[in-house]
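> I'd like to ask you about the structure that follows.
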Amino acid sequence: METIFLAGRAGVREYSPVVISPPDDDALLELVHRHWPVGEVRLRPPPRGTHNLTRIVVADRPIAVLRLYQTLDHDRVLAEHRLLARLAAAGLPFRVPTPRPTRDGATVIESRWGAVSLIDWIEGQRPDLGRDDTARAAGRALGRLDAALAGVPAKDAPFDWLSTDVGRAGLDHAMITALAAAGLPGDQVDWLHDHSGSPLGTANLPVQIIHCDVGAYNLLAIDDPAIRITGVIDFEFAGRDLRVFDLTILLYQSGYLHDPDWRTRTTALVGGYAEAVRLDPAEIMIIPELIMARALGAVGWRAGLWRRGAVSVEDVAARIPDAVRTERWIGRHRAELIDILGRAMVAPPGSSP
């Protein structure tokens with residue numbers, strides 16, 4: 001049996017599917033024709049790597065995305081699809097993934113390689129979050145998404161990242177000791193031990209279902225004539241968590257923390273978000289600590305891949321310097337970041353707080 005690890009806030013969760021070599025494109029194309037009425041099509045790989053085996057389905061133009069899930073089992077995929085159906089009916093100004101029904105009406109099929117779905121194509125390109133107008137548009141889209149997700153009952157969450165067996169797992173000492181035995185450098189081992197332990201105290205903060213993985217790579221946009229977000233994609237980690245964590249993740253994954261213009265970009269992004277969602281002061285205060293938790297979570301995700309043999313210990317080691325650099329950045333800029341976040345949250349749309 002193989003163990004697959006799913007990234008939580010600062011840790012991992014696991015399940016154990018049967019180990020089977022991934023299919024080639026001929027096998028995938030045969031699977032498409034067997035289950036979906038798509039006509040004459042071909043497959044091509046996506047321009048960037050993904051957590052799952054993904055192919056773009058092309059006729060005279062791209063029409064769909066075929067996804068073989070390597071991070072979710074069948075029931076989790078169904079839960080994700082139910083959430084997407086709710087969002088599709090929520091009147092959002094952008095699209096979310098729409099699974100295509102098979103000839104039998106199912107939105108996910110079970111194959112010898114795992115769960116498979118076919119998702120309608122959404123027009124757009126990965127946005128450049130280094131532009132102020134794009135930063136505001138991305139923040140606005142996330143705010144609208146979180147406002148819609150706030151109305152989804154907790155029981156419909158594909159994951160509960162706040163539960164003790166999922167979101168609170170963390171990089172425990174056993175994992176770190178195993179990494180050390182595999183050759184992780186001693187200074188990195190010591191640093192990880194120093195940063196493992198009890199989770200943050202977040203008992204009184206607002207909780208809802210969130211996306212949990214928004215970054216430029218999970219957004220689609222068209223720039224004609226003004227920037228417009230056309231889609232938010234990849235909901236495979238969506239689940240119940242702190243409301244504030246979605247904005248935290250976008251801030252962390254935007255690259256702004258190490259951008260000389262981080263103040264301007266952060267103001268634009270948070271200002272866009274605040275057009276739909278206003279965070280509480282307590283939520284704003286904890287964002288620096290949650291950014292650090294996300295940086296550690298990136299190391300934990302890679303460590304989980306290492307444990308199942310998918311990456312080397314050197315790949316885990318390569319993620320740690322960013323977490324160290326993030327910690328140093330927060331140490332220098334924590335007070336200023338909180339001030340910028342607070343002012344952007346209360347500023348009128350389009351103003352420059």
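Residues are referred to by chain and number: the chain letter is A, B, ... according to the order shown in the structure tokens, the number counts from 1 in that chain, and ligands are numbered separately from 1 in the order shown.
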Need the shell around Ala221 in chain A: protein/DNA/RNA residues with any atom at most 12 Å away, counting only C-alpha atoms. Skip same-chain ones fewer than 3 positions apart. Format as an MDAnalysis selection string?
chainID A and resid 93:95 122:129 133:135 137:138 141 216:218 224:233
> Just write the chosen residues, N, CA and C atoms, as a JSON list (two decimals), in the first residue's frame.

[["chain", "number", "residue", "atom", "x", "y", "z"],
["A", 93, "PRO", "N", -18.93, 36.32, -9.91],
["A", 93, "PRO", "CA", -18.58, 37.00, -11.17],
["A", 93, "PRO", "C", -17.47, 36.29, -11.94],
["A", 94, "PHE", "N", -17.12, 35.10, -11.56],
["A", 94, "PHE", "CA", -16.12, 34.29, -12.24],
["A", 94, "PHE", "C", -16.58, 32.84, -12.16],
["A", 95, "ARG", "N", -15.94, 31.98, -12.93],
["A", 95, "ARG", "CA", -16.33, 30.58, -12.94],
["A", 95, "ARG", "C", -15.51, 29.77, -11.94],
["A", 122, "ILE", "N", -12.05, 26.58, -18.71],
["A", 122, "ILE", "CA", -12.30, 27.98, -18.35],
["A", 122, "ILE", "C", -11.26, 28.83, -19.05],
["A", 123, "GLU", "N", -11.70, 29.81, -19.82],
["A", 123, "GLU", "CA", -10.77, 30.69, -20.53],
["A", 123, "GLU", "C", -10.01, 31.57, -19.55],
["A", 124, "GLY", "N", -8.76, 31.85, -19.88],
["A", 124, "GLY", "CA", -7.96, 32.75, -19.07],
["A", 124, "GLY", "C", -6.54, 32.25, -18.91],
["A", 125, "GLN", "N", -5.70, 33.14, -18.41],
["A", 125, "GLN", "CA", -4.30, 32.84, -18.18],
["A", 125, "GLN", "C", -3.95, 33.10, -16.72],
["A", 126, "ARG", "N", -2.85, 32.54, -16.29],
["A", 126, "ARG", "CA", -2.35, 32.82, -14.94],
["A", 126, "ARG", "C", -2.05, 34.31, -14.82],
["A", 127, "PRO", "N", -2.64, 34.99, -13.82],
["A", 127, "PRO", "CA", -2.44, 36.44, -13.72],
["A", 127, "PRO", "C", -1.08, 36.80, -13.13],
["A", 128, "ASP", "N", -0.63, 38.00, -13.46],
["A", 128, "ASP", "CA", 0.62, 38.55, -12.92],
["A", 128, "ASP", "C", 0.29, 39.35, -11.67],
["A", 129, "LEU", "N", 0.49, 38.76, -10.50],
["A", 129, "LEU", "CA", 0.14, 39.44, -9.26],
["A", 129, "LEU", "C", 1.14, 40.54, -8.90],
["A", 133, "ASP", "N", -3.22, 46.46, -10.18],
["A", 133, "ASP", "CA", -4.60, 46.22, -10.57],
["A", 133, "ASP", "C", -4.94, 44.73, -10.50],
["A", 134, "THR", "N", -3.97, 43.89, -10.83],
["A", 134, "THR", "CA", -4.19, 42.45, -10.74],
["A", 134, "THR", "C", -4.27, 42.00, -9.30],
["A", 135, "ALA", "N", -3.44, 42.58, -8.45],
["A", 135, "ALA", "CA", -3.49, 42.25, -7.02],
["A", 135, "ALA", "C", -4.86, 42.56, -6.44],
["A", 137, "ALA", "N", -7.69, 42.84, -8.12],
["A", 137, "ALA", "CA", -8.67, 41.93, -8.72],
["A", 137, "ALA", "C", -8.62, 40.55, -8.08],
["A", 138, "ALA", "N", -7.42, 40.07, -7.79],
["A", 138, "ALA", "CA", -7.28, 38.76, -7.15],
["A", 138, "ALA", "C", -7.85, 38.78, -5.74],
["A", 141, "ALA", "N", -11.65, 38.82, -5.97],
["A", 141, "ALA", "CA", -12.19, 37.50, -6.32],
["A", 141, "ALA", "C", -12.19, 36.57, -5.11],
["A", 216, "ALA", "N", -1.57, 32.57, -7.54],
["A", 216, "ALA", "CA", -1.68, 32.92, -8.95],
["A", 216, "ALA", "C", -1.96, 31.69, -9.81],
["A", 217, "TYR", "N", -1.40, 30.54, -9.43],
["A", 217, "TYR", "CA", -1.55, 29.32, -10.22],
["A", 217, "TYR", "C", -2.95, 28.73, -10.14],
["A", 218, "ASN", "N", -3.77, 29.19, -9.20],
["A", 218, "ASN", "CA", -5.15, 28.72, -9.10],
["A", 218, "ASN", "C", -6.16, 29.79, -9.50],
["A", 224, "ASP", "N", -8.38, 42.43, -20.94],
["A", 224, "ASP", "CA", -8.89, 43.03, -22.17],
["A", 224, "ASP", "C", -10.22, 43.74, -21.92],
["A", 225, "PRO", "N", -10.24, 45.06, -21.78],
["A", 225, "PRO", "CA", -9.08, 45.97, -21.70],
["A", 225, "PRO", "C", -8.52, 46.06, -20.28],
["A", 226, "ALA", "N", -9.36, 45.77, -19.27],
["A", 226, "ALA", "CA", -8.91, 45.79, -17.88],
["A", 226, "ALA", "C", -8.81, 44.36, -17.38],
["A", 227, "ILE", "N", -8.01, 44.16, -16.36],
["A", 227, "ILE", "CA", -7.83, 42.82, -15.81],
["A", 227, "ILE", "C", -9.13, 42.32, -15.19],
["A", 228, "ARG", "N", -9.47, 41.07, -15.48],
["A", 228, "ARG", "CA", -10.69, 40.46, -14.95],
["A", 228, "ARG", "C", -10.39, 39.00, -14.61],
["A", 229, "ILE", "N", -10.70, 38.62, -13.37],
["A", 229, "ILE", "CA", -10.54, 37.22, -12.98],
["A", 229, "ILE", "C", -11.69, 36.42, -13.59],
["A", 230, "THR", "N", -11.35, 35.41, -14.37],
["A", 230, "THR", "CA", -12.37, 34.60, -15.05],
["A", 230, "THR", "C", -12.64, 33.28, -14.34],
["A", 231, "GLY", "N", -11.71, 32.84, -13.51],
["A", 231, "GLY", "CA", -11.92, 31.56, -12.84],
["A", 231, "GLY", "C", -11.06, 31.40, -11.60],
["A", 232, "VAL", "N", -11.60, 30.68, -10.64],
["A", 232, "VAL", "CA", -10.83, 30.19, -9.48],
["A", 232, "VAL", "C", -10.92, 28.67, -9.54],
["A", 233, "ILE", "N", -9.79, 28.00, -9.54],
["A", 233, "ILE", "CA", -9.77, 26.56, -9.80],
["A", 233, "ILE", "C", -9.09, 25.80, -8.65]]
> Residues of range 11-218 of chain A in strand (DSSP E or B) according to DSSP, as a ChimeraX atom specification?
/A:12-15,42-44,53-58,62-68,95,99,109-111,114-120,125,160,207-210
> Compile a residue-level contact table for range 81-192 of chain A against range 263-279 of chain A at a cut-off of 6 Å, reporting for every qualifying residue the shortest atom pair and its distance in Å to one decimal, with only C-alpha atoms counted, rows ordered by chain and ascending number, as JSON lines.

{"residue": "A:Asp132", "atom": "CA", "partner": "A:Arg265", "partner_atom": "CA", "distance": 5.7}
{"residue": "A:Ala135", "atom": "CA", "partner": "A:Leu269", "partner_atom": "CA", "distance": 4.6}
{"residue": "A:Arg136", "atom": "CA", "partner": "A:Leu269", "partner_atom": "CA", "distance": 4.3}
{"residue": "A:Gly139", "atom": "CA", "partner": "A:Tyr273", "partner_atom": "CA", "distance": 4.3}
{"residue": "A:Arg140", "atom": "CA", "partner": "A:Gly272", "partner_atom": "CA", "distance": 4.1}
{"residue": "A:Gly143", "atom": "CA", "partner": "A:Tyr273", "partner_atom": "CA", "distance": 4.4}
{"residue": "A:Arg144", "atom": "CA", "partner": "A:Ala276", "partner_atom": "CA", "distance": 5.5}
> Please save C-alpha atoms of the selected residues as a compact mmCIF listing (two decimals), in the first residue's frame.

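Saved the output as out-v6.txt:
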# COMPACT_ATOMS: atom_id res chain seq x y z
CA ASP A 132 -1.41 46.55 -8.52
CA ALA A 135 -3.49 42.25 -7.02
CA ARG A 136 -6.72 44.10 -6.26
CA GLY A 139 -8.12 39.97 -3.65
CA ARG A 140 -11.62 40.93 -4.76
CA GLY A 143 -13.28 37.96 -1.05
CA ARG A 144 -16.30 37.16 -3.21
> Pick out the residues sitting within 9 Å of range 282-294 of chain A, and hand them over as a PyMOL selection string; count only C-alpha atoms, and ignore anything fewer than 4 positions along from it in its own chain.
chain A and resi 8-10+199-200+202+204-206+242-245+247-249+251-252+298-299+323+326-327+330+334+337-338+341-342
> Since we have the selection now, will you write its residues out, keeping C-alpha atoms, as a PDB file, in the first residue's frame?

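Okay, out_25.pdb is ready:
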ATOM      1  CA  GLY A   8      -3.246  20.852   6.077  1.00  0.00           C
ATOM      2  CA  ARG A   9      -2.625  24.228   7.690  1.00  0.00           C
ATOM      3  CA  ALA A  10       0.715  23.169   9.073  1.00  0.00           C
ATOM      4  CA  PRO A 199      -0.740  24.815  17.309  1.00  0.00           C
ATOM      5  CA  LEU A 200      -1.720  28.456  17.518  1.00  0.00           C
ATOM      6  CA  THR A 202      -7.337  30.325  17.529  1.00  0.00           C
ATOM      7  CA  ASN A 204     -12.353  32.500  19.161  1.00  0.00           C
ATOM      8  CA  LEU A 205     -11.688  33.307  15.507  1.00  0.00           C
ATOM      9  CA  PRO A 206     -14.390  32.983  12.796  1.00  0.00           C
ATOM     10  CA  LEU A 242     -10.173  29.797   9.954  1.00  0.00           C
ATOM     11  CA  ARG A 243     -11.806  32.385   7.700  1.00  0.00           C
ATOM     12  CA  VAL A 244      -8.659  34.521   7.785  1.00  0.00           C
ATOM     13  CA  PHE A 245      -6.498  31.709   6.473  1.00  0.00           C
ATOM     14  CA  LEU A 247      -6.312  35.675   2.672  1.00  0.00           C
ATOM     15  CA  THR A 248      -3.188  34.586   4.557  1.00  0.00           C
ATOM     16  CA  ILE A 249      -2.478  31.891   1.980  1.00  0.00           C
ATOM     17  CA  LEU A 251      -0.564  36.787   0.716  1.00  0.00           C
ATOM     18  CA  TYR A 252       2.038  34.092   1.312  1.00  0.00           C
ATOM     19  CA  ALA A 298       4.919  23.688   2.785  1.00  0.00           C
ATOM     20  CA  VAL A 299       7.790  21.829   4.442  1.00  0.00           C
ATOM     21  CA  ALA A 323      10.419  29.044   5.875  1.00  0.00           C
ATOM     22  CA  THR A 326       9.748  33.976   6.039  1.00  0.00           C
ATOM     23  CA  GLU A 327      10.331  33.868   9.796  1.00  0.00           C
ATOM     24  CA  ILE A 330       7.971  38.512   9.835  1.00  0.00           C
ATOM     25  CA  ARG A 334       5.254  42.201  11.659  1.00  0.00           C
ATOM     26  CA  LEU A 337       2.254  44.375   8.045  1.00  0.00           C
ATOM     27  CA  ILE A 338      -0.499  44.450  10.671  1.00  0.00           C
ATOM     28  CA  LEU A 341      -3.655  45.100   6.761  1.00  0.00           C
ATOM     29  CA  GLY A 342      -5.762  47.051   9.235  1.00  0.00           C
TER      30      GLY A 342
END
> Of the candidates A:Leu84, A:Arg103, A:Gly130, A:Ala27, which one gets nearest to Asp259 in chain A if we count only C-alpha atoms?
A:Gly130
> Write out as a tab-separated table the residues of range 107-199 of chain A that have any atom within 12 Å of an atom of range 34-49 of chain A, one row each with the nearest atom pair and its distance in Å to one decimal, counting only C-alpha atoms, sorted by chain and then rising number.

residue	atom	partner	partner_atom	distance
A:Thr107	CA	A:Trp36	CA	10.2
A:Val108	CA	A:His35	CA	10.0
A:Ile109	CA	A:His35	CA	8.4
A:Glu110	CA	A:His35	CA	10.9
A:Ser111	CA	A:His35	CA	11.0
A:Val116	CA	A:His35	CA	10.4
A:Ser117	CA	A:Trp36	CA	9.9
A:Leu118	CA	A:Trp36	CA	8.3
A:Ile119	CA	A:Trp36	CA	11.1
A:Asp120	CA	A:Val38	CA	11.2
A:Gln125	CA	A:Pro47	CA	11.0
A:Arg126	CA	A:Pro47	CA	10.8
> Figure out the distance between CA of Asp73 in chain A and CA of Val32 in chain A, please, to one decimal in Å.
19.1 Å
> One number please: CA of Gly331 in chain A to CA of Leu257 in chain A, in Å, one decimal.
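Rounded to one decimal, the two atoms are 11.9 Å apart.
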